[in-house]
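Engineer: Below you'll find target_25.cif; it's mmCIF, C-alpha atoms.
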```
data_work
#
loop_
_atom_site.label_atom_id
_atom_site.label_comp_id
_atom_site.auth_asym_id
_atom_site.auth_seq_id
_atom_site.Cartn_x
_atom_site.Cartn_y
_atom_site.Cartn_z
CA GLY A 496 14.71 0.67 -29.28
CA ILE A 497 13.99 0.44 -25.57
CA ALA A 498 12.80 4.05 -25.36
CA ALA A 499 10.21 3.49 -28.09
CA VAL A 500 8.90 0.34 -26.39
CA CYS A 501 8.68 2.15 -23.04
CA HIS A 502 6.76 4.96 -24.72
CA THR A 503 4.11 2.45 -25.80
CA ARG A 504 3.83 1.47 -22.11
CA GLY A 505 3.23 5.08 -21.12
CA VAL A 506 6.78 5.72 -19.89
CA GLY A 507 8.32 8.74 -21.58
CA PHE A 508 11.98 9.68 -21.95
CA ASP A 509 13.64 13.08 -22.25
CA ASP A 510 17.04 13.73 -23.77
CA LEU A 511 19.72 14.97 -21.39
CA LYS A 512 22.30 17.18 -23.05
CA ILE A 513 25.68 17.49 -21.33
CA ASP A 514 27.43 20.85 -21.35
CA MET A 515 31.04 19.66 -21.62
CA ASN A 516 32.42 22.94 -20.30
CA ASP A 517 30.16 22.70 -17.27
CA TYR A 518 31.18 19.06 -16.80
CA ALA A 519 34.87 20.00 -17.00
CA GLN A 520 34.33 22.62 -14.31
CA PHE A 521 32.54 20.07 -12.15
CA LYS A 522 35.55 17.75 -12.41
CA ARG A 523 37.87 20.58 -11.40
CA ASP A 524 35.67 21.49 -8.44
CA PHE A 525 35.38 17.85 -7.35
CA LYS A 526 39.00 16.96 -7.95
CA LEU A 527 40.11 13.92 -5.98
CA PRO A 528 43.38 13.73 -4.04
CA PRO A 529 46.32 12.59 -6.22
CA LEU A 530 46.70 9.27 -4.38
CA SER A 531 42.98 8.46 -4.17
CA LEU A 532 42.16 4.84 -4.97
CA TYR A 533 38.47 5.56 -5.51
CA ALA A 534 37.01 3.97 -8.67
CA LEU A 535 40.38 3.60 -10.37
CA ARG A 536 38.96 1.49 -13.20
CA CYS A 537 35.85 3.60 -13.82
CA ARG A 538 36.55 7.07 -12.45
CA GLU A 539 35.33 8.98 -15.50
CA LYS A 540 32.05 7.05 -15.32
CA LYS A 541 31.65 7.93 -11.63
CA PHE A 542 32.30 11.61 -12.29
CA MET A 543 29.66 11.64 -15.01
CA GLU A 544 27.12 9.81 -12.83
CA HIS A 545 27.56 12.28 -9.96
CA TYR A 546 27.56 15.27 -12.31
CA ILE A 547 24.21 14.13 -13.72
CA ALA A 548 22.81 13.46 -10.25
CA PHE A 549 23.75 16.86 -8.81
CA ARG A 550 22.60 18.75 -11.90
CA LEU A 551 19.22 16.99 -12.00
CA LEU A 552 18.70 17.41 -8.26
CA GLY A 553 19.57 21.11 -8.43
CA LEU A 554 19.88 21.47 -4.67
CA ASP A 555 20.66 24.88 -3.19
CA PRO A 556 23.32 25.30 -0.49
CA GLY A 557 22.09 24.21 2.92
CA ARG A 558 19.74 21.56 1.53
CA ARG A 559 20.04 18.00 2.81
CA TYR A 560 21.34 15.36 0.39
CA LEU A 561 21.69 11.59 0.79
CA ASP A 562 24.04 9.40 -1.26
CA ILE A 563 22.48 5.92 -1.19
CA ALA A 564 24.79 2.85 -1.24
CA SER A 565 27.70 5.27 -0.98
CA GLU A 566 30.31 2.82 0.36
CA SER A 567 33.67 4.64 0.13
CA SER A 568 32.55 7.46 -2.17
CA PRO A 569 34.26 10.82 -1.59
CA PHE A 570 31.42 12.73 -3.26
CA PRO A 571 29.23 13.43 -0.20
CA ALA A 572 32.16 15.11 1.59
CA LEU A 573 33.00 17.00 -1.60
CA ALA A 574 29.35 18.07 -1.90
CA ARG A 575 29.52 19.53 1.60
CA ARG A 576 32.63 21.48 0.70
CA GLN A 577 31.94 22.48 -2.91
CA LEU A 578 28.13 22.78 -3.01
CA GLY A 579 27.39 23.69 0.60
CA LEU A 580 25.02 20.74 0.98
CA ASP A 581 24.19 19.01 4.23
CA ALA A 582 25.34 15.75 2.63
CA TYR A 583 25.07 12.27 4.14
CA SER A 584 26.31 8.84 3.05
CA GLN A 585 24.29 5.65 3.46
CA ASP A 586 25.54 2.10 3.12
CA LEU A 587 24.74 -1.37 4.43
CA THR A 588 28.39 -1.82 5.41
CA TYR A 589 28.48 1.13 7.83
CA PRO A 590 27.91 0.72 11.59
CA ALA A 591 24.18 0.66 12.27
CA GLY A 592 22.37 3.93 12.79
CA VAL A 593 23.29 7.54 12.13
CA GLN A 594 26.93 8.23 13.01
CA GLY A 595 27.80 11.78 12.05
CA TYR A 596 27.31 12.02 8.29
CA CYS A 597 27.18 8.23 7.85
CA ILE A 598 23.99 6.16 7.96
CA GLY A 599 24.31 2.41 8.39
CA SER A 600 21.23 0.50 7.24
CA SER A 601 19.58 -1.24 4.34
CA ALA A 602 18.45 1.30 1.77
CA ASP A 603 14.83 0.26 2.24
CA ARG A 604 14.92 0.81 6.02
CA LEU A 605 16.50 4.21 6.59
CA PRO A 606 16.75 5.19 10.29
CA VAL A 607 15.70 8.79 9.68
CA PRO A 608 12.43 10.69 10.25
CA ASP A 609 9.70 11.26 7.68
CA ASN A 610 10.26 14.19 5.27
CA TRP A 611 13.93 14.27 6.23
CA VAL A 612 15.85 14.81 2.99
CA ASP A 613 15.60 17.22 0.05
CA GLY A 614 17.33 15.03 -2.53
CA ALA A 615 19.00 11.65 -2.89
CA SER A 616 20.91 9.77 -5.55
CA LEU A 617 22.26 6.35 -6.37
CA GLN A 618 25.22 5.91 -8.69
CA CYS A 619 25.48 2.44 -10.25
CA ALA A 620 23.81 0.96 -7.16
CA PHE A 621 20.07 0.50 -7.65
CA GLU A 622 20.54 -2.52 -9.92
CA HIS A 623 22.13 -4.43 -7.02
CA PHE A 624 18.98 -4.22 -4.85
CA GLN A 625 17.96 -7.87 -4.74
CA GLY A 626 14.55 -9.39 -4.13
CA GLN A 627 11.95 -6.82 -3.07
CA ILE A 628 14.48 -4.24 -1.89
CA ASP A 629 14.08 -2.15 -5.06
CA THR A 630 10.31 -1.86 -4.60
CA ASN A 631 10.63 -1.37 -0.85
CA PHE A 632 13.22 1.35 -1.43
CA VAL A 633 10.83 3.32 -3.63
CA HIS A 634 8.24 3.19 -0.85
CA GLU A 635 10.91 4.28 1.63
CA LEU A 636 11.78 7.23 -0.60
CA SER A 637 8.17 8.36 -0.47
CA ARG A 638 8.51 8.48 3.32
CA VAL A 639 11.87 10.22 3.74
CA LEU A 640 11.80 12.74 0.89
CA LYS A 641 10.44 16.17 1.68
CA PRO A 642 7.51 17.38 -0.45
CA GLY A 643 8.95 18.21 -3.85
CA GLY A 644 12.09 16.19 -3.14
CA LYS A 645 13.74 14.10 -5.83
CA CYS A 646 15.89 11.01 -6.17
CA VAL A 647 18.17 10.37 -9.15
CA MET A 648 19.10 6.80 -10.08
CA VAL A 649 21.91 6.80 -12.57
CA PRO A 650 22.17 4.68 -14.61
CA LEU A 651 18.93 2.69 -14.77
CA TYR A 652 19.92 -0.40 -16.75
CA MET A 653 17.37 -1.76 -19.21
CA HIS A 654 17.08 -4.53 -21.79
CA HIS A 655 14.33 -5.89 -24.00
CA GLU A 656 13.85 -8.74 -21.53
CA PRO A 657 14.37 -8.83 -17.75
CA LEU A 658 17.73 -10.16 -16.63
CA ASN A 659 19.05 -11.32 -13.25
CA ILE A 660 22.84 -11.42 -13.36
CA TYR A 661 24.88 -13.31 -10.77
CA ASP A 662 28.60 -13.53 -10.17
CA PRO A 663 29.09 -17.33 -9.95
CA ILE A 664 32.20 -16.89 -7.82
CA LEU A 665 30.48 -14.74 -5.20
CA TYR A 666 27.03 -16.31 -5.46
CA SER A 667 26.84 -19.99 -6.30
CA ASP A 668 23.20 -20.72 -5.37
CA TRP A 669 21.53 -20.72 -8.77
CA SER A 670 18.27 -21.90 -7.18
CA ASP A 671 17.98 -18.55 -5.36
CA ASN A 672 14.31 -18.01 -4.55
CA THR A 673 14.64 -14.22 -4.76
CA ALA A 674 15.19 -14.35 -8.53
CA ASP A 675 12.55 -12.39 -10.43
CA PRO A 676 9.84 -14.56 -12.00
CA GLY A 677 10.37 -14.75 -15.74
CA ALA A 678 13.84 -13.21 -15.67
CA THR A 679 16.66 -14.74 -17.69
CA ILE A 680 19.50 -15.81 -15.42
CA VAL A 681 22.98 -14.73 -16.57
CA ALA A 682 26.39 -15.51 -15.09
CA GLU A 683 29.05 -12.80 -15.16
CA ILE A 684 32.41 -12.93 -13.41
CA ASP A 685 33.73 -9.70 -11.85
CA LEU A 686 30.24 -8.21 -11.77
CA GLY A 687 31.08 -5.74 -9.04
CA GLY A 688 28.66 -7.44 -6.65
CA HIS A 689 26.92 -10.78 -6.39
CA PHE A 690 23.67 -9.68 -8.08
CA GLU A 691 22.42 -7.22 -10.67
CA ARG A 692 18.92 -6.63 -12.04
CA ILE A 693 18.27 -5.35 -15.56
CA TYR A 694 14.72 -4.10 -16.08
CA SER A 695 12.63 -4.59 -19.18
CA PRO A 696 9.89 -2.17 -20.30
CA ASP A 697 7.33 -4.52 -18.73
CA THR A 698 9.12 -5.01 -15.40
CA LEU A 699 9.54 -1.27 -14.81
CA LYS A 700 6.19 -1.52 -13.03
CA ARG A 701 8.17 -2.90 -10.07
CA ILE A 702 9.34 0.64 -9.34
CA LEU A 703 6.80 2.87 -11.11
CA ILE A 704 4.36 2.73 -8.23
CA ASN A 705 1.19 4.82 -8.32
CA ASP A 706 -0.27 6.88 -5.49
CA ILE A 707 2.78 7.12 -3.21
CA GLY A 708 3.66 10.72 -3.91
CA LEU A 709 6.62 10.20 -6.26
#
```
Represent the supplied structure as structure tokens.
Structural biologist:
Amino acid sequence: GIAAVCHTRGVGFDDLKIDMNDYAQFKRDFKLPPLSLYALRCREKKFMEHYIAFRLLGLDPGRRYLDIASESSPFPALARRQLGLDAYSQDLTYPAGVQGYCIGSSADRLPVPDNWVDGASLQCAFEHFQGQIDTNFVHELSRVLKPGGKCVMVPLYMHHEPLNIYDPILYSDWSDNTADPGATIVAEIDLGGHFERIYSPDTLKRILINDIGL
């Protein structure tokens, strides 16, 4: 499988066991309002992604957290209330700059100081970073994370070969010059965005960057 191939490339994997009682408590603590429209078609998936992110980050109350590509997610506000985190949301669609707990920018150009945040996460977002934004974002993380800080990307989609997936309704330019060299181009309607990148064991080197402190 993919994990075995990655292991031959020097990339190891650890199993992550989910405590279902702990997960059930997380869902009770982070219960959404009854009329919430957030992630109606994939809410269970979003709960699991955020549960994994918060558990792996392991941030203590008072620590600063950043939800990258947050859009309309309620989880940063819930993290402030339930976990006591100094939680911020970032998204390209927000007004530019830092406005309260919202940060409007591209994920690879965060308008915050160096060593600013203790932990960050992306939930079903990193795969949409087109062109060099994924690589640039990793470099940006090395700037904004405090020493010992962590970022969780969940999930990280992988396949035996690299794929660039486009929604042909939202993105009709199949000669796009930001497509990854050697990637197979796939069309998928209702993708949830106009672009998605699936890494292969060989193309993981785009984001596994040496000597930047991560």
Engineer: Taking the file as shown, what set of residues would the PyMOL selection byres ((chain A and resi 585) around 12) give back, as a short mmCIF file (atom, residue, chain, number, x, y, z; two decimals) with C-alpha atoms, in the frame of the given file?
Structural biologist:
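What follows is the written file expr_6.cif:
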```
data_model
loop_
_atom_site.label_atom_id
_atom_site.label_comp_id
_atom_site.auth_asym_id
_atom_site.auth_seq_id
_atom_site.Cartn_x
_atom_site.Cartn_y
_atom_site.Cartn_z
CA TYR A 560 21.34 15.36 0.39
CA LEU A 561 21.69 11.59 0.79
CA ASP A 562 24.04 9.40 -1.26
CA ILE A 563 22.48 5.92 -1.19
CA ALA A 564 24.79 2.85 -1.24
CA SER A 565 27.70 5.27 -0.98
CA GLU A 566 30.31 2.82 0.36
CA SER A 567 33.67 4.64 0.13
CA SER A 568 32.55 7.46 -2.17
CA PRO A 571 29.23 13.43 -0.20
CA ALA A 582 25.34 15.75 2.63
CA TYR A 583 25.07 12.27 4.14
CA SER A 584 26.31 8.84 3.05
CA ASP A 586 25.54 2.10 3.12
CA LEU A 587 24.74 -1.37 4.43
CA THR A 588 28.39 -1.82 5.41
CA TYR A 589 28.48 1.13 7.83
CA PRO A 590 27.91 0.72 11.59
CA ALA A 591 24.18 0.66 12.27
CA GLY A 592 22.37 3.93 12.79
CA VAL A 593 23.29 7.54 12.13
CA GLN A 594 26.93 8.23 13.01
CA GLY A 595 27.80 11.78 12.05
CA TYR A 596 27.31 12.02 8.29
CA CYS A 597 27.18 8.23 7.85
CA ILE A 598 23.99 6.16 7.96
CA GLY A 599 24.31 2.41 8.39
CA SER A 600 21.23 0.50 7.24
CA SER A 601 19.58 -1.24 4.34
CA ALA A 602 18.45 1.30 1.77
CA ASP A 603 14.83 0.26 2.24
CA ARG A 604 14.92 0.81 6.02
CA LEU A 605 16.50 4.21 6.59
CA PRO A 606 16.75 5.19 10.29
CA VAL A 607 15.70 8.79 9.68
CA ALA A 615 19.00 11.65 -2.89
CA SER A 616 20.91 9.77 -5.55
CA LEU A 617 22.26 6.35 -6.37
CA ALA A 620 23.81 0.96 -7.16
#
```
Engineer: Find the residues around Ile660 (chain A) up to 12 Å (only C-alpha atoms counted), leave out those fewer than 3 positions away in its own chain, and share them as a count of residues only.
Structural biologist: 31
Engineer: Using all atoms listed in the file, which residues sit within 9 Å of Leu527 (chain A) once same-chain residues fewer than 4 positions away are excluded, as a PyMOL selection string?
Structural biologist: chain A and resi 522-523+531+533+569+573
Engineer: List, as a list in words, every residue that the PyMOL selection byres ((chain A and resi 631-646) around 8) selects in the file provided.
Structural biologist: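 On the file shown, the PyMOL selection byres ((chain A and resi 631-646) around 8) covers Leu552, Ala602, Asp603, Arg604, Leu605, Val607, Pro608, Asp609, Asn610, Trp611, Val612, Asp613, Gly614, Ala615, Ser616, Leu617, Gln627, Ile628, Asp629, Thr630, Val647, Met648, Ile702, Ile704, Ile707, Gly708 and Leu709 of chain A.
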Engineer: Any chance you could work out the residue set of the PyMOL selection byres ((chain A and resi 521) around 10) here, as a ChimeraX atom specification?
Structural biologist: /A:515-520,522-526,542-543,545-546,549,577
Engineer: So how many Å separate CA of Ala574 (chain A) and CA of Gly557 (chain A), to one decimal?
Structural biologist: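 So the two atoms, CA of Ala574 (chain A) and CA of Gly557 (chain A), lie 10.7 Å apart.
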